[in-house]
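Visitor: Below is the file upload-v7.txt, which contains compact mmCIF, C-alpha atoms and all ligand atoms.
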```
# COMPACT_ATOMS: atom_id res chain seq x y z
CA MET A 1 99.49 67.85 112.45
CA ILE A 2 96.65 70.16 113.46
CA ASP A 3 98.06 73.49 112.34
CA LEU A 4 96.77 76.45 114.36
CA ARG A 5 99.74 78.74 113.74
CA SER A 6 97.82 80.96 111.32
CA ASP A 7 94.90 81.06 108.91
CA THR A 8 97.51 81.45 106.14
CA VAL A 9 98.33 77.72 106.21
CA THR A 10 95.23 76.61 104.26
CA ARG A 11 95.54 74.78 100.95
CA PRO A 12 93.17 75.42 98.06
CA GLY A 13 90.31 72.91 97.91
CA ALA A 14 88.89 71.19 94.81
CA GLY A 15 86.45 73.99 93.87
CA MET A 16 89.12 76.67 94.14
CA LEU A 17 91.64 74.63 92.17
CA GLU A 18 89.12 74.03 89.42
CA ALA A 19 88.42 77.78 89.21
CA MET A 20 92.16 78.44 88.97
CA MET A 21 92.75 75.81 86.29
CA SER A 22 90.03 77.18 84.06
CA ALA A 23 90.93 80.89 84.44
CA ALA A 24 91.37 83.03 81.35
CA VAL A 25 94.69 84.87 81.66
CA GLY A 26 96.68 87.70 80.07
CA ASP A 27 99.56 90.02 80.98
CA ASP A 28 98.48 92.00 84.03
CA VAL A 29 101.38 94.47 83.84
CA LEU A 30 99.92 95.44 80.48
CA GLY A 31 96.48 95.55 82.12
CA ASP A 32 94.96 92.76 80.08
CA ASP A 33 94.47 89.80 82.37
CA PRO A 34 90.67 89.44 82.23
CA THR A 35 90.42 87.46 85.48
CA VAL A 36 92.52 89.97 87.44
CA ASN A 37 90.40 92.77 86.02
CA ARG A 38 87.21 90.94 87.00
CA LEU A 39 88.44 90.37 90.57
CA GLN A 40 89.44 94.03 90.92
CA GLU A 41 86.07 95.23 89.59
CA GLN A 42 84.19 92.79 91.82
CA ALA A 43 86.08 93.92 94.94
CA ALA A 44 85.72 97.63 94.12
CA ASP A 45 81.98 97.12 93.62
CA LEU A 46 81.65 95.16 96.88
CA PHE A 47 83.24 98.05 98.81
CA GLY A 48 81.57 100.78 96.73
CA VAL A 49 84.91 102.34 95.76
CA GLU A 50 86.23 103.36 92.35
CA ALA A 51 89.12 100.94 91.94
CA ALA A 52 91.15 98.04 93.29
CA LEU A 53 94.62 96.61 92.73
CA PHE A 54 95.47 92.90 93.08
CA CYS A 55 98.86 92.34 94.74
CA PRO A 56 100.91 89.36 95.97
CA SER A 57 100.62 90.08 99.71
CA GLY A 58 99.02 92.12 102.47
CA THR A 59 102.41 93.50 103.38
CA MET A 60 102.69 94.85 99.86
CA THR A 61 99.19 96.41 99.79
CA ASN A 62 99.85 98.08 103.17
CA GLN A 63 103.28 99.33 102.17
CA ILE A 64 102.04 100.64 98.82
CA ALA A 65 99.22 102.49 100.59
CA ILE A 66 101.61 104.07 103.11
CA ASN A 67 103.90 105.09 100.26
CA VAL A 68 101.09 106.75 98.31
CA HIS A 69 99.75 108.57 101.38
CA THR A 70 103.07 109.92 102.67
CA ARG A 71 106.29 111.72 101.73
CA PRO A 72 109.68 111.09 103.40
CA GLY A 73 109.73 112.89 106.76
CA ASP A 74 106.00 112.43 107.36
CA GLU A 75 104.61 110.55 110.35
CA VAL A 76 102.10 107.68 110.53
CA ILE A 77 99.87 107.06 113.57
CA CYS A 78 99.13 103.39 114.26
CA HIS A 79 98.53 100.93 117.10
CA SER A 80 101.65 99.76 118.94
CA GLN A 81 100.78 96.15 117.96
CA ALA A 82 99.87 96.94 114.34
CA HIS A 83 101.13 94.55 111.68
CA ILE A 84 102.43 97.50 109.62
CA TYR A 85 104.71 98.40 112.54
CA VAL A 86 105.59 95.04 114.15
CA TYR A 87 105.73 92.63 111.22
CA GLU A 88 106.56 94.49 108.00
CA GLY A 89 110.33 94.65 108.38
CA GLY A 90 110.48 98.34 109.23
CA GLY A 91 108.91 99.00 105.84
CA ILE A 92 107.26 102.28 106.87
CA MET A 93 110.72 103.71 107.41
CA ALA A 94 112.60 101.71 104.74
CA ASN A 95 110.10 102.08 101.89
CA SER A 96 108.54 105.46 102.64
CA GLY A 97 111.00 107.30 104.90
CA ALA A 98 108.18 108.01 107.33
CA SER A 99 108.32 107.88 111.12
CA VAL A 100 105.72 106.25 113.34
CA ARG A 101 103.70 107.48 116.34
CA LEU A 102 102.39 104.54 118.35
CA ALA A 103 99.07 104.63 120.15
CA GLY A 104 96.38 102.31 121.46
CA THR A 105 95.10 100.16 124.29
CA PRO A 106 96.07 96.48 124.91
CA ASP A 107 92.82 95.25 123.35
CA GLY A 108 93.80 96.63 119.94
CA ARG A 109 91.78 99.84 119.99
CA ILE A 110 92.73 103.50 119.52
CA THR A 111 90.42 106.34 120.52
CA SER A 112 89.83 109.45 118.40
CA ALA A 113 91.03 111.56 121.36
CA GLU A 114 94.31 109.66 121.36
CA VAL A 115 94.67 110.13 117.60
CA ALA A 116 93.96 113.87 117.95
CA ALA A 117 96.54 114.13 120.76
CA SER A 118 99.13 112.29 118.62
CA ILE A 119 99.02 114.78 115.75
CA ASN A 120 102.08 117.00 115.65
CA PRO A 121 101.61 120.77 115.55
CA ASP A 122 102.29 122.55 112.25
CA ASP A 123 105.81 123.41 113.33
CA VAL A 124 109.10 123.08 111.42
CA HIS A 125 110.56 121.06 114.31
CA ALA A 126 108.01 118.27 113.97
CA ALA A 127 107.34 115.53 111.46
CA ARG A 128 104.20 116.22 109.44
CA THR A 129 101.51 113.82 110.68
CA ARG A 130 100.04 112.57 107.45
CA LEU A 131 98.34 109.20 107.92
CA VAL A 132 96.28 107.25 110.45
CA ALA A 133 96.29 103.48 109.89
CA LEU A 134 93.94 101.11 111.73
CA GLU A 135 93.85 97.30 111.76
CA ASN A 136 90.56 95.38 111.83
CA THR A 137 90.54 92.74 113.11
CA ASN A 138 93.65 93.31 115.19
CA ASN A 139 95.92 90.27 114.88
CA ARG A 140 98.28 90.53 117.87
CA CYS A 141 95.54 91.68 120.24
CA GLY A 142 93.41 88.57 119.70
CA GLY A 143 91.30 89.23 116.61
CA THR A 144 89.45 92.18 118.14
CA CYS A 145 86.73 93.81 116.03
CA LEU A 146 86.96 97.59 116.18
CA ASP A 147 83.83 99.48 117.11
CA PHE A 148 82.57 101.23 113.95
CA SER A 149 81.49 104.47 115.66
CA GLY A 150 85.05 104.71 117.03
CA ILE A 151 86.40 104.19 113.51
CA GLU A 152 84.15 106.96 112.17
CA ALA A 153 85.26 109.34 114.92
CA ILE A 154 88.92 108.71 114.00
CA GLY A 155 88.06 109.22 110.32
CA GLU A 156 86.58 112.60 111.22
CA VAL A 157 89.79 113.64 113.02
CA ALA A 158 91.83 112.48 110.00
CA ARG A 159 89.65 114.51 107.64
CA GLN A 160 89.79 117.65 109.81
CA HIS A 161 93.59 117.46 109.75
CA ARG A 162 93.80 116.56 106.04
CA MET A 163 95.42 113.22 106.83
CA GLY A 164 94.99 109.96 104.96
CA PHE A 165 92.97 107.17 106.60
CA HIS A 166 94.10 103.61 105.83
CA LEU A 167 92.72 100.27 107.00
CA ASP A 168 94.77 97.10 107.24
CA GLY A 169 91.78 94.84 106.73
CA ALA A 170 93.74 91.60 106.35
CA ARG A 171 90.87 89.97 108.28
CA LEU A 172 88.14 92.55 107.67
CA PHE A 173 85.72 89.85 106.47
CA ASN A 174 86.02 88.20 109.89
CA ALA A 175 84.85 91.48 111.42
CA LEU A 176 82.09 91.93 108.81
CA VAL A 177 80.45 88.58 109.57
CA GLU A 178 80.46 89.38 113.32
CA THR A 179 79.19 92.97 113.21
CA ASP A 180 76.38 95.00 111.61
CA GLN A 181 78.50 96.89 109.09
CA THR A 182 78.85 96.15 105.39
CA ALA A 183 81.89 96.32 103.14
CA ARG A 184 80.41 99.53 101.69
CA ASP A 185 80.34 101.16 105.14
CA TYR A 186 84.10 100.62 105.26
CA GLY A 187 84.60 101.73 101.66
CA ALA A 188 82.83 105.01 102.46
CA THR A 189 84.92 105.65 105.58
CA PHE A 190 88.54 104.93 104.63
CA ASP A 191 90.71 106.46 101.89
CA SER A 192 92.38 103.10 101.33
CA ILE A 193 91.73 99.54 102.46
CA SER A 194 93.91 96.44 102.22
CA ILE A 195 92.10 93.10 102.31
CA CYS A 196 93.74 89.67 102.26
CA LEU A 197 92.43 86.73 100.27
CA SER A 198 95.08 84.37 101.63
CA LYS A 199 93.98 84.35 105.29
CA GLY A 200 90.50 83.23 106.38
CA LEU A 201 89.26 83.24 102.78
CA GLY A 202 91.63 80.38 101.95
CA CYS A 203 93.47 81.55 98.80
CA PRO A 204 97.06 80.48 98.24
CA VAL A 205 98.18 84.05 97.50
CA GLY A 206 96.78 87.54 97.15
CA SER A 207 95.58 90.80 98.62
CA LEU A 208 93.64 93.73 97.23
CA LEU A 209 94.17 97.44 97.75
CA LEU A 210 91.00 99.51 97.42
CA GLY A 211 90.61 103.25 96.89
CA SER A 212 89.79 106.06 94.50
CA ARG A 213 90.77 105.81 90.82
CA ASP A 214 93.60 108.33 91.33
CA PHE A 215 94.88 106.54 94.42
CA ILE A 216 94.97 103.17 92.69
CA HIS A 217 96.62 104.70 89.60
CA GLU A 218 99.46 105.87 91.84
CA ALA A 219 99.44 102.54 93.74
CA ARG A 220 99.99 100.67 90.47
CA ARG A 221 103.14 102.73 89.87
CA VAL A 222 104.43 101.93 93.40
CA ARG A 223 103.59 98.23 92.99
CA LYS A 224 105.72 98.15 89.82
CA ARG A 225 108.57 99.93 91.58
CA LEU A 226 108.50 97.32 94.38
CA GLY A 227 108.64 94.51 91.83
CA GLY A 228 105.03 93.50 92.38
CA GLY A 229 103.89 93.84 88.77
CA TRP A 230 102.90 90.35 87.71
CA ARG A 231 101.93 88.72 84.48
CA GLN A 232 99.38 85.86 84.17
CA ALA A 233 98.12 86.49 87.71
CA GLY A 234 94.61 85.52 86.61
CA LEU A 235 95.35 81.99 87.87
CA LEU A 236 95.52 83.48 91.38
CA ALA A 237 92.77 86.04 90.85
CA ALA A 238 90.41 83.16 89.98
CA ALA A 239 91.04 81.77 93.47
CA GLY A 240 90.16 85.21 94.86
CA ILE A 241 86.88 85.37 92.95
CA TYR A 242 86.02 81.87 94.17
CA ALA A 243 86.85 82.85 97.77
CA LEU A 244 84.74 86.04 97.72
CA GLU A 245 81.81 84.02 96.38
CA ASN A 246 82.14 80.93 98.59
CA ASN A 247 84.28 81.49 101.66
CA VAL A 248 83.02 84.64 103.37
CA GLU A 249 79.84 83.50 105.15
CA ARG A 250 81.51 80.36 106.46
CA LEU A 251 83.95 82.44 108.55
CA VAL A 252 81.43 82.26 111.41
CA GLU A 253 82.31 78.54 111.66
CA ASP A 254 85.95 79.46 112.32
CA HIS A 255 84.79 81.89 115.00
CA ALA A 256 82.76 79.18 116.75
CA LYS A 257 85.82 76.90 116.70
CA ALA A 258 87.95 79.68 118.20
CA ARG A 259 85.38 80.30 120.96
CA ARG A 260 85.48 76.60 121.82
CA LEU A 261 89.30 76.75 122.09
CA GLY A 262 89.00 79.91 124.20
CA GLU A 263 86.56 78.27 126.62
CA CYS A 264 88.83 75.28 126.98
CA LEU A 265 91.94 77.40 127.57
CA ALA A 266 90.15 79.65 130.07
CA SER A 267 89.60 76.69 132.40
CA GLN A 268 93.23 75.48 132.41
CA PRO A 269 95.43 76.23 135.44
CA TYR A 270 98.35 77.30 133.20
CA THR A 271 96.32 80.08 131.52
CA ALA A 272 96.84 83.45 133.23
CA SER A 273 94.53 85.41 130.92
CA ILE A 274 92.90 85.18 127.55
CA ALA A 275 91.88 87.99 125.19
CA PRO A 276 88.09 87.96 124.54
CA VAL A 277 87.56 85.69 121.52
CA GLN A 278 85.57 87.64 118.93
CA THR A 279 86.74 86.10 115.66
CA ASN A 280 89.17 83.32 114.61
CA ILE A 281 92.17 84.28 116.76
CA VAL A 282 92.84 83.09 120.31
CA VAL A 283 95.60 84.91 122.20
CA PHE A 284 96.38 83.83 125.75
CA ASP A 285 99.03 84.40 128.42
CA LEU A 286 100.72 81.62 130.33
CA ALA A 287 100.88 81.94 134.11
CA GLU A 288 104.59 81.06 133.73
CA PRO A 289 105.74 83.16 130.74
CA ALA A 290 109.18 81.52 130.70
CA LEU A 291 107.56 78.18 129.84
CA ASP A 292 106.22 79.32 126.47
CA SER A 293 108.80 77.40 124.40
CA ALA A 294 108.25 74.24 126.47
CA PHE A 295 104.48 74.61 126.02
CA ILE A 296 104.80 74.94 122.24
CA ALA A 297 107.22 71.99 122.09
CA GLY A 298 104.85 69.84 124.19
CA LEU A 299 101.94 70.68 121.90
CA THR A 300 104.02 69.94 118.80
CA ASP A 301 104.91 66.51 120.21
CA LYS A 302 101.19 65.80 120.48
CA GLY A 303 100.53 66.94 116.90
CA VAL A 304 99.32 70.52 117.44
CA LEU A 305 101.07 73.62 116.10
CA ALA A 306 100.65 77.06 117.70
CA ILE A 307 102.92 80.12 117.83
CA LYS A 308 104.60 82.29 120.45
CA LEU A 309 103.99 86.03 120.35
CA GLY A 310 106.63 86.72 123.03
CA GLN A 311 106.60 87.31 126.80
CA GLY A 312 104.49 84.25 127.53
CA LYS A 313 101.79 85.16 125.01
CA LEU A 314 100.65 82.39 122.65
CA ARG A 315 98.35 82.38 119.64
CA MET A 316 96.09 79.84 117.96
CA VAL A 317 94.13 80.62 114.81
CA THR A 318 91.23 78.64 113.37
CA HIS A 319 90.58 78.31 109.63
CA LEU A 320 88.86 76.24 106.97
CA ASP A 321 91.41 73.42 107.05
CA VAL A 322 90.79 72.60 110.72
CA SER A 323 87.59 70.69 111.50
CA VAL A 324 85.30 70.84 114.53
CA GLU A 325 86.51 67.32 115.40
CA ALA A 326 90.14 68.45 115.25
CA ILE A 327 89.33 71.29 117.64
CA GLU A 328 87.80 68.80 120.09
CA GLN A 329 91.01 66.77 119.82
CA VAL A 330 93.04 69.91 120.60
CA CYS A 331 90.80 70.62 123.61
CA ASP A 332 91.49 67.11 124.96
CA ILE A 333 95.21 67.66 124.50
CA LEU A 334 95.08 71.10 126.17
CA SER A 335 93.20 69.64 129.13
CA GLY A 336 95.91 67.00 129.57
CA ILE A 337 98.85 69.41 129.71
CA ARG A 338 100.57 69.88 133.09
CA LEU A 339 103.10 72.68 133.28
C1 LIG A 401 96.85 92.11 110.24
C2 LIG A 401 97.76 91.69 109.12
N1 LIG A 401 98.06 92.57 108.17
C3 LIG A 401 98.85 92.26 107.13
C4 LIG A 401 99.37 90.99 107.01
C5 LIG A 401 100.31 90.71 105.88
O1 LIG A 401 99.88 89.78 105.00
P1 LIG A 401 100.92 88.95 104.08
O2 LIG A 401 101.39 87.82 104.92
O3 LIG A 401 100.08 88.55 102.92
O4 LIG A 401 102.01 89.88 103.69
C6 LIG A 401 99.08 90.02 107.99
C7 LIG A 401 99.65 88.67 107.87
O5 LIG A 401 99.46 87.80 108.69
C8 LIG A 401 98.25 90.39 109.07
O6 LIG A 401 97.95 89.52 110.05
```
What does the file become when written as structure tokens?
Guide:
Amino acid sequence: MIDLRSDTVTRPGAGMLEAMMSAAVGDDVLGDDPTVNRLQEQAADLFGVEAALFCPSGTMTNQIAINVHTRPGDEVICHSQAHIYVYEGGGIMANSGASVRLAGTPDGRITSAEVAASINPDDVHAARTRLVALENTNNRCGGTCLDFSGIEAIGEVARQHRMGFHLDGARLFNALVETDQTARDYGATFDSISICLSKGLGCPVGSLLLGSRDFIHEARRVRKRLGGGWRQAGLLAAAGIYALENNVERLVEDHAKARRLGECLASQPYTASIAPVQTNIVVFDLAEPALDSAFIAGLTDKGVLAIKLGQGKLRMVTHLDVSVEAIEQVCDILSGIRL
């Protein structure tokens, strides 16, 4: 099968496995796994922030961050298609008791004016708006890279209103290789950043939460409370170190493969529209939305896996386990489909 459902489906290659097998380990709950500590220091240094915390998943790093930034009864501003809202099991409400104010345009962006207009007045009737959370790249909107000047303008609004500013950067490295900014630009702009090692970077497991020393101290407490304290996690951290050193620059190859898929899909009669392909995600709408399940089933029969996002929207994601040749095969299959 050619699996384009997500970039989370990759399996560790020989180099990564070797790094994992030779990792020095200790008990990370006690703070003495040397490989976890090295990964955390390396990531904090890359982003120019004081500290980092290695966690099992991006959902956990996001939810920990929201929990540290807010108190029950507070409100979080995020995009209507944000992973923290759509795909984290209602965790903002369940874990932190916070409500959500949705904003944003269909291409995954939010303007600073919209953020400013979404902040509740300081009034006992209203939830206290306490956090703005962005997502870069935006998953459900087609891997869009946010414009950095727009991010800075939102950061300014957040600062003026004494709100926290969090980034779900599950695929931030995909944005970094396509734009002029560095990891340090992001580290200097957000109060907290979640990055995933288990997406385009190809690790089996793992995400990092980045922030100030005080923020990460508190985050460690929340991670323990959620059951995310782990022991000899150095085996997994070693994969993370390998990925940061070997798998970042190559992301541009995944983007080229996604552009090729996008071009192919754009010329098919069954495609109604396709989100501009900027990174490794291709989101497109079928002219006949009701045929989405039949389309996926037809593709599966021919050996290609993709996923439905609902209402006739479909998604394909490129990654390091899908070759250029496999993408050409998929293009042939897509060109042969008659709906
Ligand atoms: C944008 C975004 N944020 C967060 C996550 C959560 O990551 P995890 O699956 O590791 O919980 C995902 C997962 O696909 C994602 O796409």
Visitor: Give the answer as one residue: which of A:Gly187, A:Gly240, A:Gly90, A:Gly312 has the shortest atom-to-atom distance to Tyr270 of chain A, using all atoms listed in the file?
Guide: A:Gly312
Visitor: Between atom CA of Ile110 of chain A and atom CA of Gly48 of chain A, what is the distance, to one decimal in Å?
Guide: 25.5 Å
Visitor: To check your reading of the model: which residues sit at most 10 Å from ligand LIG 401 (chain A) when counting only C-alpha atoms and all ligand atoms? Write the answer as a tab-separated table (two decimals) with C-alpha atoms, in the coordinates of the input.
Guide:
```tsv
chain	number	residue	atom	x	y	z
A	6	SER	CA	97.82	80.96	111.32
A	7	ASP	CA	94.90	81.06	108.91
A	8	THR	CA	97.51	81.45	106.14
A	55	CYS	CA	98.86	92.34	94.74
A	56	PRO	CA	100.91	89.36	95.97
A	57	SER	CA	100.62	90.08	99.71
A	58	GLY	CA	99.02	92.12	102.47
A	59	THR	CA	102.41	93.50	103.38
A	60	MET	CA	102.69	94.85	99.86
A	61	THR	CA	99.19	96.41	99.79
A	62	ASN	CA	99.85	98.08	103.17
A	63	GLN	CA	103.28	99.33	102.17
A	81	GLN	CA	100.78	96.15	117.96
A	82	ALA	CA	99.87	96.94	114.34
A	83	HIS	CA	101.13	94.55	111.68
A	84	ILE	CA	102.43	97.50	109.62
A	85	TYR	CA	104.71	98.40	112.54
A	86	VAL	CA	105.59	95.04	114.15
A	87	TYR	CA	105.73	92.63	111.22
A	88	GLU	CA	106.56	94.49	108.00
A	134	LEU	CA	93.94	101.11	111.73
A	135	GLU	CA	93.85	97.30	111.76
A	136	ASN	CA	90.56	95.38	111.83
A	137	THR	CA	90.54	92.74	113.11
A	138	ASN	CA	93.65	93.31	115.19
A	139	ASN	CA	95.92	90.27	114.88
A	140	ARG	CA	98.28	90.53	117.87
A	143	GLY	CA	91.30	89.23	116.61
A	167	LEU	CA	92.72	100.27	107.00
A	168	ASP	CA	94.77	97.10	107.24
A	169	GLY	CA	91.78	94.84	106.73
A	170	ALA	CA	93.74	91.60	106.35
A	171	ARG	CA	90.87	89.97	108.28
A	172	LEU	CA	88.14	92.55	107.67
A	194	SER	CA	93.91	96.44	102.22
A	195	ILE	CA	92.10	93.10	102.31
A	196	CYS	CA	93.74	89.67	102.26
A	197	LEU	CA	92.43	86.73	100.27
A	198	SER	CA	95.08	84.37	101.63
A	199	LYS	CA	93.98	84.35	105.29
A	204	PRO	CA	97.06	80.48	98.24
A	205	VAL	CA	98.18	84.05	97.50
A	206	GLY	CA	96.78	87.54	97.15
A	207	SER	CA	95.58	90.80	98.62
```
Visitor: Hey, what's within 7 Å of Gly229 of chain A if we count only C-alpha atoms and toss same-chain stuff fewer than 5 positions away? As JSON, numbers by chain, please?
Guide: {"A": [29, 223, 224]}
Visitor: Put those residues in a file: C-alpha atoms, as a PDB file, in the coordinates of the input.
Guide:
```pdb
ATOM      1  CA  VAL A  29     101.380  94.470  83.840  1.00  0.00           C
ATOM      2  CA  ARG A 223     103.590  98.230  92.990  1.00  0.00           C
ATOM      3  CA  LYS A 224     105.720  98.150  89.820  1.00  0.00           C
TER       4      LYS A 224
END
```
Visitor: Choose the residue, out of A:Ala127, A:Leu102, A:Ala14, A:Ile337, that has the smallest atom-to-atom separation from Gly202 of chain A; count all atoms listed in the file.
Guide: A:Ala14
Visitor: Would you please work out which residue, of A:Gly234, A:Pro106, A:Gly310, A:Gly142, is nearest to Met20 of chain A when using all atoms listed in the file?
Guide: A:Gly234
Visitor: Identify the residues within 10 Å of coordinate (91.8, 103.9, 100.2) (same frame as the file), considering all atoms listed in the file, and give the answer as number ranges by chain.
Guide: A: 49-52, 65, 68-69, 164-167, 186-194, 209-213, 215-216
Visitor: Counting only C-alpha atoms, write as a list in words all protein and nucleic acid residues lying at most 8 Å from (93.0, 77.3, 114.0) in the file's frame.
Guide: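 Output: Asp3, Leu4, Arg5, Ser6, Asp7, Asp254, Lys257, Ala258, Asn280, Ile281, Met316, Val317, Thr318, His319, Val322 and Ile327 of chain A.
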Visitor: Could you save the residues just selected, with C-alpha atoms, as a CSV table (one decimal), keeping the file's coordinate frame?
Guide:
```csv
chain,number,residue,atom,x,y,z
A,3,ASP,CA,98.1,73.5,112.3
A,4,LEU,CA,96.8,76.4,114.4
A,5,ARG,CA,99.7,78.7,113.7
A,6,SER,CA,97.8,81.0,111.3
A,7,ASP,CA,94.9,81.1,108.9
A,254,ASP,CA,86.0,79.5,112.3
A,257,LYS,CA,85.8,76.9,116.7
A,258,ALA,CA,88.0,79.7,118.2
A,280,ASN,CA,89.2,83.3,114.6
A,281,ILE,CA,92.2,84.3,116.8
A,316,MET,CA,96.1,79.8,118.0
A,317,VAL,CA,94.1,80.6,114.8
A,318,THR,CA,91.2,78.6,113.4
A,319,HIS,CA,90.6,78.3,109.6
A,322,VAL,CA,90.8,72.6,110.7
A,327,ILE,CA,89.3,71.3,117.6
```
Visitor: Name the closest residue to Ala103 of chain A among the candidates A:Val177, A:Gly298, A:His79, A:Asp123; distances are taken between atoms, counting only C-alpha atoms.
Guide: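 The closest residue to Ala103 of chain A is A:His79.
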Visitor: List the spatial neighbours of Gly97 of chain A as a PyMOL selection string - criterion: any atom at most 8 Å away, only C-alpha atoms, same-chain residues fewer than 2 positions off excluded.
Guide: chain A and resi 71-74+92-95+99
Visitor: Separation of atom CA of Leu201 of chain A and atom CA of Val248 of chain A, in Å?
Guide: 6.4 Å
Visitor: List as a tab-separated table every residue of segment 234-296 of chain A that is in contact with segment 35-41 of chain A, defined as an atom at most 12 Å from one of its atoms (using all atoms listed in the file), together with the nearest atom pair and the distance in Å rounded to one decimal, sorted by chain and then rising number.
Guide:
```
residue	atom	partner	partner_atom	distance
A:Gly234	CA	A:Thr35	CA	4.8
A:Leu235	CA	A:Thr35	CA	7.7
A:Leu236	CA	A:Val36	CA	8.2
A:Ala237	CA	A:Val36	CA	5.2
A:Ala238	CA	A:Thr35	CA	6.2
A:Ala239	CA	A:Leu39	CA	9.4
A:Gly240	CA	A:Leu39	CA	6.9
A:Ile241	CA	A:Leu39	CA	5.8
A:Tyr242	CA	A:Leu39	CA	9.5
A:Ala243	CA	A:Leu39	CA	10.5
A:Leu244	CA	A:Leu39	CA	9.1
A:Glu245	CA	A:Leu39	CA	10.9
```
